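Q: Following this line is run-v3.cif, made up of mmCIF, C-alpha atoms and all ligand atoms:
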```
data_query
#
loop_
_atom_site.label_atom_id
_atom_site.label_comp_id
_atom_site.auth_asym_id
_atom_site.auth_seq_id
_atom_site.Cartn_x
_atom_site.Cartn_y
_atom_site.Cartn_z
CA MET A 20 -130.24 94.39 -24.21
CA THR A 21 -131.30 92.28 -21.23
CA THR A 22 -134.38 90.13 -21.56
CA LYS A 23 -136.45 89.77 -18.38
CA LEU A 24 -136.99 86.34 -16.87
CA SER A 25 -140.53 85.71 -15.61
CA VAL A 26 -140.74 82.40 -13.77
CA ASN A 27 -143.94 80.45 -14.39
CA ILE A 28 -144.86 78.77 -11.10
CA ASN A 29 -147.72 76.55 -12.36
CA LYS A 30 -145.70 73.41 -11.66
CA ILE A 31 -145.18 74.35 -8.00
CA ALA A 32 -148.98 74.48 -7.66
CA THR A 33 -149.22 71.09 -9.43
CA LEU A 34 -146.88 69.57 -6.84
CA ARG A 35 -148.72 71.20 -3.95
CA ASN A 36 -152.11 70.02 -5.22
CA ALA A 37 -150.87 66.42 -5.47
CA ARG A 38 -151.24 66.07 -1.67
CA GLY A 39 -154.00 68.62 -1.06
CA GLY A 40 -151.94 70.52 1.54
CA ASP A 41 -149.64 73.51 1.32
CA VAL A 42 -146.28 71.90 0.48
CA PRO A 43 -144.52 73.42 -1.36
CA ASN A 44 -145.87 76.83 -0.45
CA LEU A 45 -146.54 78.77 -3.65
CA VAL A 46 -146.23 82.24 -2.12
CA LYS A 47 -142.91 81.39 -0.48
CA PHE A 48 -141.63 79.98 -3.77
CA ALA A 49 -142.61 83.18 -5.61
CA LYS A 50 -140.85 85.29 -2.95
CA ASP A 51 -137.74 83.13 -3.18
CA VAL A 52 -137.38 83.19 -6.98
CA GLN A 53 -137.70 86.96 -6.93
CA ASN A 54 -134.99 87.10 -4.25
CA TYR A 55 -132.81 84.93 -6.48
CA GLY A 56 -133.16 87.57 -9.21
CA ALA A 57 -136.16 86.63 -11.36
CA GLN A 58 -137.73 89.77 -12.77
CA GLY A 59 -141.27 88.46 -12.96
CA ILE A 60 -143.77 85.83 -11.84
CA THR A 61 -146.15 84.19 -14.32
CA ILE A 62 -149.20 82.11 -13.49
CA HIS A 63 -151.75 80.50 -15.79
CA PRO A 64 -154.92 79.72 -13.85
CA ARG A 65 -156.91 77.24 -15.92
CA PRO A 66 -160.70 76.92 -15.54
CA ASP A 67 -160.38 73.54 -13.81
CA GLU A 68 -157.80 75.02 -11.36
CA ARG A 69 -155.68 71.91 -11.85
CA HIS A 70 -152.60 73.82 -10.74
CA ILE A 71 -152.94 77.55 -10.04
CA ARG A 72 -156.20 78.27 -8.19
CA TYR A 73 -158.02 81.56 -8.60
CA GLN A 74 -157.30 82.25 -4.91
CA ASP A 75 -153.55 81.84 -5.60
CA ALA A 76 -153.75 84.73 -8.05
CA ARG A 77 -155.14 86.91 -5.25
CA ASP A 78 -152.66 85.66 -2.62
CA LEU A 79 -149.68 86.41 -4.85
CA LYS A 80 -150.71 90.00 -5.55
CA SER A 81 -149.18 91.56 -2.43
CA ILE A 82 -145.86 89.71 -2.63
CA VAL A 83 -145.03 90.00 -6.32
CA HIS A 84 -142.87 93.11 -6.37
CA THR A 85 -141.43 92.35 -9.81
CA GLU A 86 -143.66 91.99 -12.88
CA TYR A 87 -146.86 90.05 -12.25
CA ASN A 88 -148.10 88.31 -15.42
CA ILE A 89 -151.37 86.35 -15.49
CA GLU A 90 -152.00 84.17 -18.53
CA GLY A 91 -155.22 82.54 -19.65
CA ASN A 92 -158.16 82.26 -21.95
CA PRO A 93 -160.31 85.38 -21.45
CA ILE A 94 -163.55 83.69 -20.45
CA ARG A 95 -165.63 86.00 -18.22
CA LYS A 96 -164.51 84.32 -14.96
CA PHE A 97 -160.84 84.81 -15.91
CA MET A 98 -161.41 88.42 -16.95
CA ASP A 99 -163.12 89.23 -13.65
CA LEU A 100 -160.20 87.69 -11.74
CA VAL A 101 -157.62 89.70 -13.68
CA LEU A 102 -159.63 92.92 -13.29
CA GLU A 103 -159.81 92.28 -9.53
CA VAL A 104 -156.11 91.40 -9.08
CA LYS A 105 -154.79 93.98 -11.54
CA PRO A 106 -151.43 92.42 -12.46
CA MET A 107 -148.93 94.42 -14.49
CA GLN A 108 -149.62 92.25 -17.55
CA VAL A 109 -152.29 89.88 -18.80
CA THR A 110 -151.37 87.39 -21.53
CA LEU A 111 -154.32 86.10 -23.52
CA VAL A 112 -154.02 82.45 -24.58
CA PRO A 113 -156.69 80.65 -26.66
CA ASP A 114 -156.48 77.31 -24.87
CA SER A 115 -159.39 74.94 -24.69
CA ILE A 116 -160.57 73.60 -21.34
CA ASP A 117 -159.30 70.08 -21.97
CA ALA A 118 -155.88 71.03 -23.40
CA ILE A 119 -152.97 69.44 -21.51
CA THR A 120 -151.07 72.67 -22.05
CA SER A 121 -151.27 75.67 -24.40
CA ASN A 122 -151.07 74.34 -27.93
CA ALA A 123 -151.77 77.23 -30.35
CA GLY A 124 -151.65 80.97 -30.70
CA TRP A 125 -154.56 83.30 -31.49
CA ASN A 126 -155.90 83.79 -34.94
CA THR A 127 -155.90 87.56 -34.53
CA ILE A 128 -157.82 88.08 -37.78
CA GLN A 129 -160.66 85.63 -37.16
CA HIS A 130 -161.07 86.80 -33.54
CA LYS A 131 -160.49 90.48 -34.25
CA ASP A 132 -163.74 91.83 -32.73
CA PHE A 133 -163.53 89.66 -29.62
CA LEU A 134 -159.86 90.48 -28.96
CA THR A 135 -160.41 94.20 -29.55
CA GLU A 136 -163.18 94.24 -26.97
CA VAL A 137 -161.28 92.21 -24.37
CA ILE A 138 -158.05 94.16 -24.80
CA SER A 139 -159.79 97.50 -24.51
CA GLU A 140 -161.40 96.40 -21.22
CA PHE A 141 -158.01 95.46 -19.74
CA LYS A 142 -156.30 98.58 -21.06
CA LYS A 143 -159.04 100.82 -19.60
CA ASN A 144 -158.10 99.28 -16.25
CA GLY A 145 -154.40 100.00 -16.67
CA ILE A 146 -153.33 96.42 -17.37
CA ARG A 147 -150.76 95.82 -20.11
CA THR A 148 -151.97 93.27 -22.65
CA SER A 149 -150.03 90.61 -24.49
CA ILE A 150 -151.41 88.00 -26.87
CA PHE A 151 -150.00 84.55 -27.49
CA VAL A 152 -149.35 84.01 -31.21
CA ASP A 153 -147.71 81.56 -33.57
CA PRO A 154 -144.79 83.01 -35.54
CA ASP A 155 -146.92 84.18 -38.47
CA LEU A 156 -146.60 87.73 -39.81
CA ALA A 157 -150.33 88.04 -40.51
CA MET A 158 -151.00 87.33 -36.81
CA ILE A 159 -148.59 90.10 -35.81
CA ASP A 160 -150.35 92.58 -38.09
CA GLY A 161 -153.63 91.40 -36.57
CA ALA A 162 -152.22 91.91 -33.06
CA LYS A 163 -151.56 95.55 -33.93
CA GLU A 164 -155.12 95.92 -35.25
CA VAL A 165 -156.68 94.64 -32.03
CA GLY A 166 -154.60 97.03 -29.92
CA ALA A 167 -152.31 94.58 -28.07
CA ASP A 168 -149.32 96.16 -26.30
CA ARG A 169 -147.23 93.03 -26.75
CA ILE A 170 -147.22 89.65 -28.38
CA GLU A 171 -145.93 86.47 -26.80
CA LEU A 172 -144.31 84.27 -29.43
CA TYR A 173 -145.38 80.64 -28.92
CA THR A 174 -142.02 78.88 -28.95
CA GLU A 175 -142.93 75.19 -28.79
CA GLU A 176 -142.08 74.52 -32.45
CA PHE A 177 -138.79 76.41 -32.17
CA ALA A 178 -137.85 74.36 -29.07
CA HIS A 179 -138.73 71.11 -30.80
CA GLN A 180 -136.79 71.93 -33.97
CA TYR A 181 -133.80 73.19 -31.96
CA SER A 182 -133.68 69.90 -30.08
CA LEU A 183 -133.40 68.16 -33.48
CA GLY A 184 -130.52 70.44 -34.47
CA ASN A 185 -132.58 72.59 -36.84
CA LYS A 186 -131.49 76.10 -35.87
CA LYS A 187 -133.05 77.57 -39.01
CA ALA A 188 -136.46 77.18 -37.37
CA ILE A 189 -135.70 80.46 -35.60
CA GLN A 190 -136.25 82.45 -38.82
CA SER A 191 -140.04 82.92 -38.62
CA TYR A 192 -139.62 84.10 -35.00
CA ILE A 193 -136.99 86.65 -36.06
CA ASP A 194 -139.27 87.90 -38.85
CA CYS A 195 -142.17 88.32 -36.45
CA ALA A 196 -140.01 90.15 -33.91
CA VAL A 197 -138.73 92.52 -36.59
CA ARG A 198 -142.32 93.23 -37.72
CA SER A 199 -143.42 93.76 -34.09
CA ASN A 200 -140.55 96.17 -33.51
CA GLU A 201 -141.59 98.12 -36.64
CA LEU A 202 -145.20 98.22 -35.46
CA GLU A 203 -144.08 99.20 -31.94
CA ILE A 204 -145.53 96.10 -30.32
CA GLY A 205 -143.40 94.65 -27.51
CA VAL A 206 -142.05 91.11 -27.90
CA ASN A 207 -142.32 88.39 -25.23
CA ALA A 208 -141.85 84.66 -25.77
CA GLY A 209 -142.57 81.39 -24.04
CA HIS A 210 -143.31 77.67 -24.06
CA ASP A 211 -140.73 74.94 -23.76
CA LEU A 212 -137.83 77.37 -23.46
CA SER A 213 -135.02 75.81 -21.44
CA LEU A 214 -131.37 76.12 -20.41
CA GLU A 215 -130.54 74.32 -23.66
CA ASN A 216 -132.20 76.70 -26.09
CA ILE A 217 -132.63 80.04 -24.31
CA GLU A 218 -129.27 81.61 -25.07
CA PHE A 219 -129.55 81.02 -28.82
CA PHE A 220 -133.18 82.20 -28.88
CA ALA A 221 -132.52 85.40 -26.90
CA LYS A 222 -129.46 86.31 -29.00
CA GLU A 223 -131.33 85.87 -32.27
CA ILE A 224 -134.59 87.66 -31.45
CA PRO A 225 -134.34 91.45 -31.79
CA GLY A 226 -135.94 93.43 -28.97
CA LEU A 227 -136.93 90.42 -26.86
CA LEU A 228 -138.36 92.02 -23.71
CA GLU A 229 -139.35 89.03 -21.64
CA VAL A 230 -139.48 85.26 -21.54
CA SER A 231 -141.77 83.25 -19.27
CA ILE A 232 -140.38 79.85 -18.38
CA GLY A 233 -141.86 77.17 -16.14
CA HIS A 234 -141.82 73.51 -17.07
CA ALA A 235 -138.14 73.16 -17.95
CA LEU A 236 -136.95 75.57 -15.26
CA ILE A 237 -138.65 73.60 -12.49
CA ALA A 238 -137.42 70.27 -13.91
CA GLU A 239 -133.85 71.59 -14.19
CA SER A 240 -134.08 72.86 -10.60
CA LEU A 241 -134.58 69.29 -9.34
CA TYR A 242 -130.99 68.55 -10.32
CA LEU A 243 -129.31 71.95 -10.11
CA GLY A 244 -131.24 73.86 -7.44
CA VAL A 245 -133.69 76.73 -7.95
CA ASP A 246 -131.31 79.56 -7.00
CA ASN A 247 -128.62 78.23 -9.30
CA VAL A 248 -131.00 77.65 -12.23
CA VAL A 249 -132.55 81.12 -12.00
CA ASN A 250 -129.07 82.60 -12.10
CA MET A 251 -128.04 80.41 -15.03
CA TYR A 252 -131.02 81.79 -17.00
CA LEU A 253 -130.23 85.36 -15.98
CA LYS A 254 -126.66 84.98 -17.27
CA LYS A 255 -127.86 83.52 -20.57
CA LEU A 256 -130.37 86.35 -21.00
CA LYS A 257 -127.81 89.11 -20.46
CA GLN A 258 -126.47 90.25 -23.84
C1 LIG B 301 -149.03 80.12 -22.46
C2 LIG B 301 -148.10 79.03 -22.38
O1 LIG B 301 -147.29 78.87 -23.18
C3 LIG B 301 -148.06 77.99 -21.38
O2 LIG B 301 -146.80 77.45 -21.42
C4 LIG B 301 -148.49 78.05 -20.04
O3 LIG B 301 -148.53 79.16 -19.34
C5 LIG B 301 -148.10 76.81 -19.31
O4 LIG B 301 -149.25 76.19 -18.97
P1 LIG B 301 -149.24 74.78 -18.22
O5 LIG B 301 -148.32 74.92 -17.06
O6 LIG B 301 -150.66 74.59 -17.82
O7 LIG B 301 -148.74 73.78 -19.20
N1 LIG B 302 -145.92 81.62 -21.37
C1 LIG B 302 -145.14 80.46 -21.28
C2 LIG B 302 -144.92 80.08 -19.89
O1 LIG B 302 -145.34 80.77 -18.99
C3 LIG B 302 -144.18 78.88 -19.53
O2 LIG B 302 -144.24 77.86 -20.46
P1 LIG B 302 -143.41 76.53 -20.13
O3 LIG B 302 -141.97 76.94 -19.86
O4 LIG B 302 -144.03 75.92 -18.89
O5 LIG B 302 -143.53 75.68 -21.34
#
```
Once more with this new file: its structure as structure tokens, please.

A:
Amino acid sequence: MTTKLSVNINKIATLRNARGGDVPNLVKFAKDVQNYGAQGITIHPRPDERHIRYQDARDLKSIVHTEYNIEGNPIRKFMDLVLEVKPMQVTLVPDSIDAITSNAGWNTIQHKDFLTEVISEFKKNGIRTSIFVDPDLAMIDGAKEVGADRIELYTEEFAHQYSLGNKKAIQSYIDCAVRSNELEIGVNAGHDLSLENIEFFAKEIPGLLEVSIGHALIAESLYLGVDNVVNMYLKKLKQ
């Protein structure tokens, strides 16, 4: 099974915003990575618009011909943006305004009513929903309860443990993927995945539909080139 690569382009917006102009051009970058073979584009507009701006989400709509995935905390402003842009997938992430990056998955039990309401609004509008979760079986069962189409496994801990040589850290992710497959919830994954760890992760996780990768992919591209790096990921994701 081939796992789709969705390139997270937040870091391109970070670089652009550093000078206040339009270099590098985010839309051109998204077009290019799709031409290089990426099967999706991911953005994560944060409320302070420190990298992706809400207007970027609109500008990308007409040029993303692969899978368009918008991630974020479903505050009303974010929900209205997603409902206007209508990407193929929205990924709900419970990040606080001041978080440097996403640092936890949803508690799908505690936030059951809220998530059920939000997910039903997106689904009514034909947008596939995914929720960001830690590798915890109870959270997968909760994801089913709230009606999510997919879960995105939060892979930071796996990536950290893998870098220390602890491959056994994959086990809770495998268990959650197996449970998701049984419950007919699709499985995505992301955060700190890289050329180092992606092949092992993708081989071990049953039914892995998609990975979204940004930080490492952009950093690796500084040395190896974007075209080359995208293709290296695609090869590692082909089983
Ligand atoms: C949801 C997630 O895992 C994040 O990795 C995210 O999309 C990246 O966000 P930043 O680029 O703001 O760190
Ligand atoms: N959903 C995870 C994502 O889009 C990218 O995370 P990272 O590779 O920037 O850590």

Q: So which one's closest to ligand LIG 302 (chain B), A:Ile217, A:Leu156, A:Val165, A:Met20? Using only C-alpha atoms and all ligand atoms, please.

A: A:Ile217

Q: Can you tell me how far atom CA of A:Thr120 sits from atom CA of A:Lys257, in Å to one decimal?

A: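 Separation between atom CA of A:Thr120 and atom CA of A:Lys257: 28.5 Å.
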
Q: For ligand LIG 302 (chain B), which of A:Met107, A:Ala76, A:Met251, A:Ile237 is the closest residue, counting only C-alpha atoms and all ligand atoms?

A: A:Ile237

Q: So the first atom is atom CA of A:Ile159 and the second is atom O3 of ligand LIG 301 (chain B); what is the distance between them in Å, to one decimal place?

A: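 Distance between the two atoms: 19.8 Å.
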
Q: What is the distance, in Å and to one decimal place, between atom O4 of ligand LIG 302 (chain B) and atom CA of A:Ala235?

A: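 Going from atom O4 of ligand LIG 302 (chain B) over to atom CA of A:Ala235, I get 6.6 Å.
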
Q: Please give me, as a count of residues only, the residues lying within 8 Å of ligand LIG 302 (chain B) when counting only C-alpha atoms and all ligand atoms.

A: 27

Q: Taking only C-alpha atoms and all ligand atoms into account, name the residue in A:Ile189, A:Ile116, A:Leu79, A:Val101 that is nearest to ligand LIG 301 (chain B).

A: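 Selected residue with least distance to ligand LIG 301 (chain B): A:Ile116.
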
Q: Under the rule that all atoms listed in the file are counted, which of A:Ile204, A:Leu256, A:Leu100, A:Ala123 is the nearest residue to A:Pro66?

A: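 Ranked by minimum distance to A:Pro66, first place goes to A:Leu100.
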
Q: Could you name the residues that touch A:Gly145 at 10 Å or less, counting all atoms listed in the file, but leaving out those on the same chain fewer than 6 positions away, as a VMD selection string?

A: chain A and resid 102 105 to 108 139

Q: From the options A:Ala49, A:Thr22, A:Pro43, A:Ile60, which residue's atoms come nearest to ligand LIG 301 (chain B), counting only C-alpha atoms and all ligand atoms?

A: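 Comparing A:Ala49, A:Thr22, A:Pro43, A:Ile60 against ligand LIG 301 (chain B), the winner is A:Ile60.
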
Q: Counting all atoms listed in the file, which residue out of A:Val245, A:Ser182, A:Met98, A:Gly124 sits closest to A:Ile28?

A: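 Among the listed residues, the smallest separation from A:Ile28 belongs to A:Val245.
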
Q: Which polymer residues, protein or nucleic acid, are no farther than 12 Å from (-131.9, 82.0, -27.3), counting only C-alpha atoms, as a VMD selection string?

A: chain A and resid 21 to 22 174 177 to 178 181 186 189 192 to 193 208 to 209 211 to 225 227 229 to 230 252 to 258

Q: Within 10 Å of A:Trp125, counting all atoms listed in the file, which residues show up once you throw out same-chain ones fewer than 2 positions away? Write them as number ranges by chain, please.

A: A: 111-114, 123, 127-131, 134, 150-153, 158, 161-162, 173

Q: Those same residues - C-alpha atoms - I'd like them written as a compact mmCIF listing (two decimals), in the coordinates of the input.

A:
```txt
# COMPACT_ATOMS: atom_id res chain seq x y z
CA LEU A 111 -154.32 86.10 -23.52
CA VAL A 112 -154.02 82.45 -24.58
CA PRO A 113 -156.69 80.65 -26.66
CA ASP A 114 -156.48 77.31 -24.87
CA ALA A 123 -151.77 77.23 -30.35
CA THR A 127 -155.90 87.56 -34.53
CA ILE A 128 -157.82 88.08 -37.78
CA GLN A 129 -160.66 85.63 -37.16
CA HIS A 130 -161.07 86.80 -33.54
CA LYS A 131 -160.49 90.48 -34.25
CA LEU A 134 -159.86 90.48 -28.96
CA ILE A 150 -151.41 88.00 -26.87
CA PHE A 151 -150.00 84.55 -27.49
CA VAL A 152 -149.35 84.01 -31.21
CA ASP A 153 -147.71 81.56 -33.57
CA MET A 158 -151.00 87.33 -36.81
CA GLY A 161 -153.63 91.40 -36.57
CA ALA A 162 -152.22 91.91 -33.06
CA TYR A 173 -145.38 80.64 -28.92
```

Q: Which polymer residues have any atom within 12 Å of an atom of A:Ile119, counting only C-alpha atoms, with same-chain residues fewer than 2 positions away left out, as number ranges by chain?

A: A: 65, 67, 69-70, 114-117, 121-123

Q: Just give me the residues with any atom within 9 Å of (-144.3, 90.6, -8.1), file coordinates, counting all atoms listed in the file, written as a PyMOL selection string.

A: chain A and resi 49-50+53+58-60+79-88+106-107

Q: Using the incomplete input, complete stretch 20-54 of chain A to the level of N, CA and C atoms; output as a JSON list (two decimals), in the coordinates of the input.

A:
```json
[["chain", "number", "residue", "atom", "x", "y", "z"],
["A", 20, "MET", "N", -128.96, 94.27, -24.88],
["A", 20, "MET", "CA", -130.24, 94.39, -24.21],
["A", 20, "MET", "C", -130.50, 93.16, -23.32],
["A", 21, "THR", "N", -131.01, 93.40, -22.13],
["A", 21, "THR", "CA", -131.30, 92.28, -21.23],
["A", 21, "THR", "C", -132.77, 91.90, -21.34],
["A", 22, "THR", "N", -133.01, 90.64, -21.51],
["A", 22, "THR", "CA", -134.38, 90.13, -21.56],
["A", 22, "THR", "C", -134.79, 89.71, -20.16],
["A", 23, "LYS", "N", -135.99, 90.12, -19.73],
["A", 23, "LYS", "CA", -136.45, 89.77, -18.38],
["A", 23, "LYS", "C", -136.87, 88.31, -18.29],
["A", 24, "LEU", "N", -136.56, 87.71, -17.15],
["A", 24, "LEU", "CA", -136.99, 86.34, -16.87],
["A", 24, "LEU", "C", -138.22, 86.37, -15.95],
["A", 25, "SER", "N", -139.34, 85.87, -16.45],
["A", 25, "SER", "CA", -140.53, 85.71, -15.61],
["A", 25, "SER", "C", -140.68, 84.21, -15.35],
["A", 26, "VAL", "N", -140.66, 83.83, -14.10],
["A", 26, "VAL", "CA", -140.74, 82.40, -13.77],
["A", 26, "VAL", "C", -142.21, 81.98, -13.65],
["A", 27, "ASN", "N", -142.59, 80.99, -14.45],
["A", 27, "ASN", "CA", -143.94, 80.45, -14.39],
["A", 27, "ASN", "C", -143.98, 79.40, -13.28],
["A", 28, "ILE", "N", -144.86, 79.63, -12.29],
["A", 28, "ILE", "CA", -144.86, 78.77, -11.10],
["A", 28, "ILE", "C", -146.03, 77.77, -11.09],
["A", 29, "ASN", "N", -146.63, 77.55, -12.26],
["A", 29, "ASN", "CA", -147.72, 76.55, -12.36],
["A", 29, "ASN", "C", -147.33, 75.20, -11.75],
["A", 30, "LYS", "N", -146.10, 74.77, -12.06],
["A", 30, "LYS", "CA", -145.70, 73.41, -11.66],
["A", 30, "LYS", "C", -145.54, 73.28, -10.14],
["A", 31, "ILE", "N", -145.26, 74.40, -9.47],
["A", 31, "ILE", "CA", -145.18, 74.35, -8.00],
["A", 31, "ILE", "C", -146.58, 74.10, -7.44],
["A", 32, "ALA", "N", -147.59, 74.72, -8.09],
["A", 32, "ALA", "CA", -148.98, 74.48, -7.66],
["A", 32, "ALA", "C", -149.40, 73.04, -7.97],
["A", 33, "THR", "N", -148.90, 72.49, -9.08],
["A", 33, "THR", "CA", -149.22, 71.09, -9.43],
["A", 33, "THR", "C", -148.72, 70.16, -8.33],
["A", 34, "LEU", "N", -147.49, 70.40, -7.89],
["A", 34, "LEU", "CA", -146.88, 69.57, -6.84],
["A", 34, "LEU", "C", -147.64, 69.73, -5.53],
["A", 35, "ARG", "N", -147.95, 70.95, -5.18],
["A", 35, "ARG", "CA", -148.72, 71.20, -3.95],
["A", 35, "ARG", "C", -150.06, 70.47, -3.99],
["A", 36, "ASN", "N", -150.76, 70.59, -5.13],
["A", 36, "ASN", "CA", -152.11, 70.02, -5.22],
["A", 36, "ASN", "C", -152.11, 68.49, -5.15],
["A", 37, "ALA", "N", -150.95, 67.88, -5.46],
["A", 37, "ALA", "CA", -150.87, 66.42, -5.47],
["A", 37, "ALA", "C", -151.21, 65.82, -4.11],
["A", 38, "ARG", "N", -150.96, 66.58, -3.01],
["A", 38, "ARG", "CA", -151.24, 66.07, -1.67],
["A", 38, "ARG", "C", -152.36, 66.84, -0.97],
["A", 39, "GLY", "N", -152.87, 67.88, -1.64],
["A", 39, "GLY", "CA", -154.00, 68.62, -1.06],
["A", 39, "GLY", "C", -153.62, 69.54, 0.09],
["A", 40, "GLY", "N", -152.34, 69.62, 0.44],
["A", 40, "GLY", "CA", -151.94, 70.52, 1.54],
["A", 40, "GLY", "C", -151.31, 71.79, 1.01],
["A", 41, "ASP", "N", -150.24, 72.24, 1.71],
["A", 41, "ASP", "CA", -149.64, 73.51, 1.32],
["A", 41, "ASP", "C", -148.13, 73.36, 1.12],
["A", 42, "VAL", "N", -147.70, 72.18, 0.72],
["A", 42, "VAL", "CA", -146.28, 71.90, 0.48],
["A", 42, "VAL", "C", -146.09, 71.48, -0.98],
["A", 43, "PRO", "N", -145.25, 72.20, -1.72],
["A", 43, "PRO", "CA", -144.52, 73.42, -1.36],
["A", 43, "PRO", "C", -145.45, 74.62, -1.34],
["A", 44, "ASN", "N", -145.06, 75.63, -0.57],
["A", 44, "ASN", "CA", -145.87, 76.83, -0.45],
["A", 44, "ASN", "C", -145.62, 77.75, -1.64],
["A", 45, "LEU", "N", -146.67, 78.03, -2.38],
["A", 45, "LEU", "CA", -146.54, 78.77, -3.65],
["A", 45, "LEU", "C", -146.06, 80.21, -3.43],
["A", 46, "VAL", "N", -146.60, 80.85, -2.39],
["A", 46, "VAL", "CA", -146.23, 82.24, -2.12],
["A", 46, "VAL", "C", -144.76, 82.33, -1.72],
["A", 47, "LYS", "N", -144.32, 81.39, -0.89],
["A", 47, "LYS", "CA", -142.91, 81.39, -0.48],
["A", 47, "LYS", "C", -142.01, 81.17, -1.70],
["A", 48, "PHE", "N", -142.43, 80.25, -2.57],
["A", 48, "PHE", "CA", -141.63, 79.98, -3.77],
["A", 48, "PHE", "C", -141.52, 81.24, -4.63],
["A", 49, "ALA", "N", -142.63, 81.95, -4.79],
["A", 49, "ALA", "CA", -142.61, 83.18, -5.61],
["A", 49, "ALA", "C", -141.69, 84.23, -4.98],
["A", 50, "LYS", "N", -141.74, 84.34, -3.64],
["A", 50, "LYS", "CA", -140.85, 85.29, -2.95],
["A", 50, "LYS", "C", -139.40, 84.90, -3.20],
["A", 51, "ASP", "N", -139.12, 83.60, -3.05],
["A", 51, "ASP", "CA", -137.74, 83.13, -3.18],
["A", 51, "ASP", "C", -137.19, 83.36, -4.59],
["A", 52, "VAL", "N", -137.96, 83.02, -5.63],
["A", 52, "VAL", "CA", -137.38, 83.19, -6.98],
["A", 52, "VAL", "C", -137.13, 84.65, -7.29],
["A", 53, "GLN", "N", -137.97, 85.53, -6.73],
["A", 53, "GLN", "CA", -137.70, 86.96, -6.93],
["A", 53, "GLN", "C", -136.41, 87.36, -6.19],
["A", 54, "ASN", "N", -136.23, 86.80, -4.98],
["A", 54, "ASN", "CA", -134.99, 87.10, -4.25],
["A", 54, "ASN", "C", -133.77, 86.57, -4.99]]
```
